[in-house]
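Participant: Sharing a structure with you now.
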Amino acid sequence: MQFTQRLISANGITLRVTETGQGRPLLLLHGWPEFWFTWAKIMPHLAANFRLIAPDLRGFGGSDKTPPGYSTAMTAEQHANDLAALLDALNLPQVGLVAHDIGALIGQHLIRAHPGRVNRFFAFDCPYPGIGRRWIEGGQLRNSWYMWFHQTKLAVELVGHSRATLEIYLHHMMQGGCQNKQAFDDNFADFVDNMLVPGNLQGGFNWYVSNARAVPPPTQPIDIPTRILWPGADPVFPLAWMDRLGAFFSNLQLSVFEGVGHFPHQEQPDAAALAVREFFTNSQ
């Protein structure tokens with residue numbers, strides 16, 4: 001499948017955007033340690049029905065690293081404002097939203113801060129407000145330790161020391177989070193190459209630097225139709241953490257995606273794409 005890439009000015013920076021397909025617009029938001037390419041396995045399944053728009057978030061992939069270096073400015077609110085400006089630049093008043101990992105939290109900020117811009121929300125791994133303490137409770141710290149490591153200024157120097165050290169680290173984070181251990185066998189080098197681009201390693205780590213702060217919980221739940229497909233074997237998001245989702249989404253379809261870990265769209269792309277297509281097609 002052919003993808004079209006372009007650089008788009010939005011909110012004072014340049015974002016790289018990858019597009020394909022035609023039809024109703026879907027905005028695809030990646031997580032960490034990803035970039036737009038994380039969606040490449042499911043986009044061919046969706047392109048006949050949807051216009052697919054996959055940006056690299058600020059600090060990631062081919063988008064600007066602004067501000068450069070170690071920064072506390074890469075907040076969820078900042079990313080949400082970038083995306084609202086991107087939709088303006090694309091002349092898209094409203095889109096459907098598909099998100100994974102930190103992209104799902106950024107997506108929630110986009111929905112809340114810019115009402116009406118998102119009409120339906122689909123998420124795989126979905127952090128939600130107030131989840132913070134759960135990262136360290138009940139022994140979960142053994143799986144979420146990297147969130148604190150990424151906040152240190154030593155992290156980039158250690159992980160990015162060489163291609164070999166980066167491969168070791170990403171292999172642990174990506175394959176280690178999967179139920180399907182072969183999920184990245186055919187494209188792992190692409191993720192390594194992306195992280196070797198100057199600024200991308202720190203740009204991704206800045207998410208953790210910028211969002212290590214207390215944020216008041218929202219006073220109202222998100223009320224647009226929402227579909228959360230929670231991985232059945234994700235070491236980062238245990239199944240028990242599904243229990244509070246109803247407090248933050250009032251129009252929620254929730255189920256377990258069996259047989260996958262932290263990267264469902266990589267581990268079972270056919271099934272992942274089918275779930276996305278059904279959710280947005282059934283809304284017509």
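Each chain in the structure tokens gets a letter, A, B and so on, in the order shown; residues start at 1 in every chain, and ligands are counted from 1 in the order they appear.
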Give me the residues of segment 29-88 of chain A that have any atom at most 12 Å from an atom of segment 153-160 of chain A; for each, the nearest atom pair and the distance in Å, rounded to one decimal. Use only C-alpha atoms, sort by chain and number, and format it as a tab-separated table.
Facilitator:
residue	atom	partner	partner_atom	distance
A:Gly69	CA	A:Lys153	CA	9.8
A:Tyr70	CA	A:Lys153	CA	7.3
A:Ser71	CA	A:Lys153	CA	10.2
Participant: Quick one: DSSP strand (DSSP E) residues in segment 46-284 of chain A, as a PyMOL selection string?
Facilitator: chain A and resi 50-55+95-99+118-123+226-231+252-257
Participant: List as number ranges by chain the protein and nucleic acid residues near Ser144 of chain A, meaning an atom at most 12 Å away when only C-alpha atoms are counted, but skip any in the same chain fewer than 2 places from it.
Facilitator: A: 132-142, 146-150, 173, 177, 208, 234-238
Participant: I need the residues from that last selection saved to file as a CSV table (one decimal), in the first residue's frame (with C-alpha atoms), if you can.
Facilitator:
chain,number,residue,atom,x,y,z
A,132,GLY,CA,-1.2,7.4,38.5
A,133,ARG,CA,-0.9,5.6,41.9
A,134,ARG,CA,-1.8,2.3,40.3
A,135,TRP,CA,1.6,2.3,38.5
A,136,ILE,CA,3.3,1.8,41.9
A,137,GLU,CA,0.7,-0.2,43.9
A,138,GLY,CA,0.5,-4.0,44.3
A,139,GLY,CA,3.9,-4.8,42.8
A,140,GLN,CA,3.1,-3.0,39.5
A,141,LEU,CA,6.3,-1.0,39.7
A,142,ARG,CA,8.2,-4.0,38.4
A,146,TYR,CA,10.6,2.9,32.9
A,147,MET,CA,8.2,5.8,33.5
A,148,TRP,CA,10.5,7.1,36.2
A,149,PHE,CA,13.7,6.1,34.4
A,150,HIS,CA,12.7,8.2,31.4
A,173,MET,CA,10.1,-2.8,25.9
A,177,GLY,CA,5.2,-6.2,26.3
A,208,TYR,CA,7.2,11.2,31.0
A,234,ASP,CA,-0.8,-6.4,29.0
A,235,PRO,CA,1.9,-6.2,31.7
A,236,VAL,CA,1.5,-2.4,31.7
A,237,PHE,CA,-2.3,-2.2,31.9
A,238,PRO,CA,-3.6,-5.1,34.0
Participant: Just want the 10 Å neighbourhood of Asp193 of chain A, counted on only C-alpha atoms, with same-chain residues fewer than 4 positions away dropped. Output as a list in words.
Facilitator: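 The filter keeps Gly61, Arg163, Leu166, Glu167, Phe188, Ala189 and Val197 of chain A.
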Participant: Rank nothing, just name the residue among A:Leu196, A:Cys178, A:Val17, A:Leu52 nearest to Thr165 of chain A, using only C-alpha atoms.
Facilitator: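 Smallest separation from Thr165 of chain A among the options: A:Leu196.
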Participant: Which residues are near Ala104 of chain A? Cut-off 10 Å, only C-alpha atoms, ignore same chain within fewer than 6 positions. Put them as number ranges by chain.
Facilitator: A: 28-31, 97-98, 110, 121-128, 228
Participant: At what distance in Å, to one decimal, does atom CA of Gln78 of chain A lie from atom CA of Ile106 of chain A?
Facilitator: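 If I compute the distance from atom CA of Ile106 of chain A to atom CA of Gln78 of chain A, I get 8.9 Å.
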Participant: Write out as a PDB file with N, CA and C atoms, in the first residue's frame each polymer residue whose atoms come within 8 Å of segment 246-262 of chain A, counting only C-alpha atoms; drop sequence neighbours fewer than 2 positions from it.
Facilitator:
ATOM      1  N   ASP A 125      -4.968   0.246  24.492  1.00  0.00           N
ATOM      2  CA  ASP A 125      -4.508   0.487  25.860  1.00  0.00           C
ATOM      3  C   ASP A 125      -4.916   1.906  26.230  1.00  0.00           C
ATOM      4  N   TYR A 128      -6.245   6.491  31.986  1.00  0.00           N
ATOM      5  CA  TYR A 128      -7.344   7.406  32.276  1.00  0.00           C
ATOM      6  C   TYR A 128      -7.002   8.228  33.507  1.00  0.00           C
ATOM      7  N   PRO A 129      -7.721   9.297  33.781  1.00  0.00           N
ATOM      8  CA  PRO A 129      -7.403  10.159  34.924  1.00  0.00           C
ATOM      9  C   PRO A 129      -7.388   9.372  36.231  1.00  0.00           C
ATOM     10  N   GLY A 177       6.581  -6.530  26.018  1.00  0.00           N
ATOM     11  CA  GLY A 177       5.204  -6.175  26.314  1.00  0.00           C
ATOM     12  C   GLY A 177       4.183  -6.957  25.523  1.00  0.00           C
ATOM     13  N   CYS A 178       4.648  -7.799  24.594  1.00  0.00           N
ATOM     14  CA  CYS A 178       3.753  -8.524  23.700  1.00  0.00           C
ATOM     15  C   CYS A 178       3.421  -9.918  24.213  1.00  0.00           C
ATOM     16  N   GLN A 179       2.220 -10.362  23.932  1.00  0.00           N
ATOM     17  CA  GLN A 179       1.859 -11.757  24.078  1.00  0.00           C
ATOM     18  C   GLN A 179       2.373 -12.542  22.863  1.00  0.00           C
ATOM     19  N   ASN A 180       2.236 -11.958  21.695  1.00  0.00           N
ATOM     20  CA  ASN A 180       2.775 -12.519  20.462  1.00  0.00           C
ATOM     21  C   ASN A 180       4.214 -12.037  20.320  1.00  0.00           C
ATOM     22  N   GLN A 220     -16.702  15.872  34.644  1.00  0.00           N
ATOM     23  CA  GLN A 220     -17.733  15.197  33.867  1.00  0.00           C
ATOM     24  C   GLN A 220     -17.100  14.111  33.009  1.00  0.00           C
ATOM     25  N   PRO A 221     -17.790  12.993  32.808  1.00  0.00           N
ATOM     26  CA  PRO A 221     -17.261  11.952  31.931  1.00  0.00           C
ATOM     27  C   PRO A 221     -17.355  12.355  30.459  1.00  0.00           C
ATOM     28  N   ILE A 222     -16.561  11.734  29.633  1.00  0.00           N
ATOM     29  CA  ILE A 222     -16.664  11.898  28.189  1.00  0.00           C
ATOM     30  C   ILE A 222     -17.950  11.201  27.736  1.00  0.00           C
ATOM     31  N   ASP A 223     -18.765  11.903  26.943  1.00  0.00           N
ATOM     32  CA  ASP A 223     -20.077  11.346  26.608  1.00  0.00           C
ATOM     33  C   ASP A 223     -20.230  10.920  25.151  1.00  0.00           C
ATOM     34  N   ILE A 224     -19.184  11.086  24.323  1.00  0.00           N
ATOM     35  CA  ILE A 224     -19.297  10.610  22.948  1.00  0.00           C
ATOM     36  C   ILE A 224     -19.155   9.082  22.937  1.00  0.00           C
ATOM     37  N   PRO A 225     -19.678   8.403  21.922  1.00  0.00           N
ATOM     38  CA  PRO A 225     -19.531   6.943  21.857  1.00  0.00           C
ATOM     39  C   PRO A 225     -18.060   6.533  21.915  1.00  0.00           C
ATOM     40  N   THR A 226     -17.769   5.627  22.829  1.00  0.00           N
ATOM     41  CA  THR A 226     -16.385   5.208  23.075  1.00  0.00           C
ATOM     42  C   THR A 226     -16.314   3.690  23.087  1.00  0.00           C
ATOM     43  N   ARG A 227     -15.293   3.168  22.433  1.00  0.00           N
ATOM     44  CA  ARG A 227     -15.036   1.725  22.412  1.00  0.00           C
ATOM     45  C   ARG A 227     -13.624   1.491  22.927  1.00  0.00           C
ATOM     46  N   ILE A 228     -13.495   0.775  24.038  1.00  0.00           N
ATOM     47  CA  ILE A 228     -12.182   0.429  24.577  1.00  0.00           C
ATOM     48  C   ILE A 228     -12.027  -1.082  24.513  1.00  0.00           C
ATOM     49  N   LEU A 229     -10.992  -1.499  23.808  1.00  0.00           N
ATOM     50  CA  LEU A 229     -10.676  -2.918  23.654  1.00  0.00           C
ATOM     51  C   LEU A 229      -9.407  -3.173  24.460  1.00  0.00           C
ATOM     52  N   TRP A 230      -9.593  -3.676  25.664  1.00  0.00           N
ATOM     53  CA  TRP A 230      -8.503  -3.775  26.635  1.00  0.00           C
ATOM     54  C   TRP A 230      -7.729  -5.082  26.430  1.00  0.00           C
ATOM     55  N   PRO A 231      -6.408  -5.006  26.242  1.00  0.00           N
ATOM     56  CA  PRO A 231      -5.625  -6.227  26.012  1.00  0.00           C
ATOM     57  C   PRO A 231      -5.724  -7.205  27.180  1.00  0.00           C
ATOM     58  N   GLY A 232      -5.818  -8.479  26.828  1.00  0.00           N
ATOM     59  CA  GLY A 232      -5.984  -9.500  27.856  1.00  0.00           C
ATOM     60  C   GLY A 232      -4.722  -9.856  28.598  1.00  0.00           C
ATOM     61  N   ALA A 233      -3.542  -9.502  28.044  1.00  0.00           N
ATOM     62  CA  ALA A 233      -2.279  -9.915  28.676  1.00  0.00           C
ATOM     63  C   ALA A 233      -1.244  -8.799  28.603  1.00  0.00           C
ATOM     64  N   ASP A 234      -1.659  -7.602  28.997  1.00  0.00           N
ATOM     65  CA  ASP A 234      -0.774  -6.439  28.953  1.00  0.00           C
ATOM     66  C   ASP A 234      -0.110  -6.256  30.316  1.00  0.00           C
ATOM     67  N   PRO A 235       1.225  -6.359  30.409  1.00  0.00           N
ATOM     68  CA  PRO A 235       1.880  -6.178  31.703  1.00  0.00           C
ATOM     69  C   PRO A 235       1.814  -4.749  32.217  1.00  0.00           C
ATOM     70  N   VAL A 236       1.590  -3.793  31.331  1.00  0.00           N
ATOM     71  CA  VAL A 236       1.549  -2.386  31.733  1.00  0.00           C
ATOM     72  C   VAL A 236       0.153  -1.966  32.180  1.00  0.00           C
ATOM     73  N   PHE A 237      -0.891  -2.549  31.567  1.00  0.00           N
ATOM     74  CA  PHE A 237      -2.279  -2.227  31.896  1.00  0.00           C
ATOM     75  C   PHE A 237      -3.002  -3.507  32.319  1.00  0.00           C
ATOM     76  N   ASP A 243     -11.710  -1.446  35.902  1.00  0.00           N
ATOM     77  CA  ASP A 243     -12.810  -1.231  36.845  1.00  0.00           C
ATOM     78  C   ASP A 243     -13.285   0.214  36.939  1.00  0.00           C
ATOM     79  N   ARG A 244     -12.458   1.199  36.632  1.00  0.00           N
ATOM     80  CA  ARG A 244     -12.826   2.603  36.829  1.00  0.00           C
ATOM     81  C   ARG A 244     -13.184   3.327  35.537  1.00  0.00           C
ATOM     82  N   PRO A 264      -1.658  -4.374  20.608  1.00  0.00           N
ATOM     83  CA  PRO A 264      -2.656  -5.174  19.896  1.00  0.00           C
ATOM     84  C   PRO A 264      -2.625  -5.003  18.386  1.00  0.00           C
ATOM     85  N   GLU A 267       0.234  -7.049  17.204  1.00  0.00           N
ATOM     86  CA  GLU A 267       0.176  -8.474  17.523  1.00  0.00           C
ATOM     87  C   GLU A 267      -0.911  -9.211  16.745  1.00  0.00           C
ATOM     88  N   GLN A 268      -2.069  -8.572  16.598  1.00  0.00           N
ATOM     89  CA  GLN A 268      -3.164  -9.153  15.827  1.00  0.00           C
ATOM     90  C   GLN A 268      -3.786  -8.061  14.950  1.00  0.00           C
TER      91      GLN A 268
END
Participant: Determine the nearest neighbour of Ile8 of chain A from the options A:Glu34, A:Glu77, A:Asp82, A:Asp270, counting only C-alpha atoms.
Facilitator: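 Checking each of A:Glu34, A:Glu77, A:Asp82, A:Asp270 against Ile8 of chain A, counting only C-alpha atoms, the winner is A:Asp82.
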Participant: Which residue gives the smallest distance to Gln202 of chain A among A:Met242, A:Leu274, A:Ala47, A:Met74, with only C-alpha atoms counted?
Facilitator: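 Using only C-alpha atoms, Gln202 of chain A sits closest to A:Met74.
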Participant: Going by DSSP on the backbone, which residues of segment 14-260 of chain A come out as alpha helix (DSSP H)? List them as a PyMOL selection string.
Facilitator: chain A and resi 43-46+76-89+102-113+141-144+146-149+154-159+163-175+188-196+200-210
Participant: Selected residues, C-alpha atoms, written as a JSON list (two decimals), in the first residue's frame, please.
Facilitator:
[["chain", "number", "residue", "atom", "x", "y", "z"],
["A", 43, "MET", "CA", -4.12, 0.86, 7.69],
["A", 44, "PRO", "CA", -4.41, -1.36, 4.57],
["A", 45, "HIS", "CA", -7.45, -3.05, 6.16],
["A", 46, "LEU", "CA", -9.20, 0.28, 6.71],
["A", 76, "ALA", "CA", -1.05, 16.13, 27.17],
["A", 77, "GLU", "CA", -2.67, 19.55, 26.85],
["A", 78, "GLN", "CA", 0.11, 20.71, 24.50],
["A", 79, "HIS", "CA", -0.29, 17.65, 22.30],
["A", 80, "ALA", "CA", -4.08, 18.08, 22.24],
["A", 81, "ASN", "CA", -3.73, 21.70, 21.11],
["A", 82, "ASP", "CA", -1.30, 20.59, 18.38],
["A", 83, "LEU", "CA", -3.85, 18.10, 17.11],
["A", 84, "ALA", "CA", -6.73, 20.57, 17.14],
["A", 85, "ALA", "CA", -4.56, 22.94, 15.09],
["A", 86, "LEU", "CA", -3.69, 20.06, 12.75],
["A", 87, "LEU", "CA", -7.39, 19.38, 12.14],
["A", 88, "ASP", "CA", -7.84, 23.08, 11.36],
["A", 89, "ALA", "CA", -4.93, 22.95, 8.89],
["A", 102, "ILE", "CA", -0.25, 7.69, 25.61],
["A", 103, "GLY", "CA", -2.12, 8.59, 22.44],
["A", 104, "ALA", "CA", -5.32, 7.53, 24.19],
["A", 105, "LEU", "CA", -4.68, 9.93, 27.08],
["A", 106, "ILE", "CA", -3.84, 12.72, 24.66],
["A", 107, "GLY", "CA", -7.03, 11.87, 22.79],
["A", 108, "GLN", "CA", -9.08, 12.34, 25.95],
["A", 109, "HIS", "CA", -7.59, 15.80, 26.38],
["A", 110, "LEU", "CA", -8.42, 16.61, 22.76],
["A", 111, "ILE", "CA", -12.03, 15.52, 23.31],
["A", 112, "ARG", "CA", -12.41, 17.55, 26.50],
["A", 113, "ALA", "CA", -10.51, 20.70, 25.49],
["A", 141, "LEU", "CA", 6.28, -0.97, 39.72],
["A", 142, "ARG", "CA", 8.22, -3.97, 38.42],
["A", 143, "ASN", "CA", 6.51, -3.36, 35.06],
["A", 144, "SER", "CA", 6.18, 0.43, 35.05],
["A", 146, "TYR", "CA", 10.61, 2.86, 32.94],
["A", 147, "MET", "CA", 8.18, 5.77, 33.46],
["A", 148, "TRP", "CA", 10.49, 7.09, 36.19],
["A", 149, "PHE", "CA", 13.71, 6.12, 34.42],
["A", 154, "LEU", "CA", 20.79, 9.90, 32.22],
["A", 155, "ALA", "CA", 18.20, 7.88, 30.29],
["A", 156, "VAL", "CA", 19.01, 9.26, 26.83],
["A", 157, "GLU", "CA", 22.75, 8.85, 27.34],
["A", 158, "LEU", "CA", 22.40, 5.23, 28.44],
["A", 159, "VAL", "CA", 19.72, 4.03, 26.03],
["A", 163, "ARG", "CA", 22.53, 1.32, 18.08],
["A", 164, "ALA", "CA", 23.20, -1.84, 20.06],
["A", 165, "THR", "CA", 22.07, -0.35, 23.39],
["A", 166, "LEU", "CA", 18.97, 1.11, 21.74],
["A", 167, "GLU", "CA", 18.12, -2.25, 20.20],
["A", 168, "ILE", "CA", 18.48, -3.98, 23.58],
["A", 169, "TYR", "CA", 16.21, -1.46, 25.28],
["A", 170, "LEU", "CA", 13.52, -1.33, 22.61],
["A", 171, "HIS", "CA", 13.53, -5.10, 22.25],
["A", 172, "HIS", "CA", 12.86, -5.40, 25.98],
["A", 173, "MET", "CA", 10.12, -2.76, 25.93],
["A", 174, "MET", "CA", 8.39, -3.87, 22.74],
["A", 175, "GLN", "CA", 8.75, -7.64, 22.52],
["A", 188, "PHE", "CA", 11.63, -3.84, 14.53],
["A", 189, "ALA", "CA", 14.51, -2.20, 12.62],
["A", 190, "ASP", "CA", 12.15, 0.57, 11.49],
["A", 191, "PHE", "CA", 11.42, 1.51, 15.10],
["A", 192, "VAL", "CA", 15.13, 1.47, 15.94],
["A", 193, "ASP", "CA", 15.93, 3.64, 12.90],
["A", 194, "ASN", "CA", 13.25, 6.10, 13.98],
["A", 195, "MET", "CA", 14.64, 6.41, 17.50],
["A", 196, "LEU", "CA", 18.13, 7.00, 16.10],
["A", 200, "ASN", "CA", 13.54, 11.44, 18.92],
["A", 201, "LEU", "CA", 14.71, 9.53, 21.97],
["A", 202, "GLN", "CA", 14.53, 12.58, 24.24],
["A", 203, "GLY", "CA", 11.39, 13.75, 22.47],
["A", 204, "GLY", "CA", 9.63, 10.57, 23.53],
["A", 205, "PHE", "CA", 11.07, 10.59, 27.02],
["A", 206, "ASN", "CA", 9.79, 14.16, 27.43],
["A", 207, "TRP", "CA", 6.26, 12.80, 27.63],
["A", 208, "TYR", "CA", 7.18, 11.23, 30.97],
["A", 209, "VAL", "CA", 9.13, 14.29, 32.08],
["A", 210, "SER", "CA", 6.23, 16.61, 31.28]]
Participant: For Gly96 of chain A, which residue among A:Ala40, A:Ala183, A:Leu245, A:Leu27 is the nearest when counting only C-alpha atoms?
Facilitator: A:Leu27
Participant: In Å to one decimal, how far is atom CA of Arg16 of chain A from atom CA of Gly62 of chain A?
Facilitator: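 Atom CA of Arg16 of chain A lies at a distance of 5.3 Å from atom CA of Gly62 of chain A.
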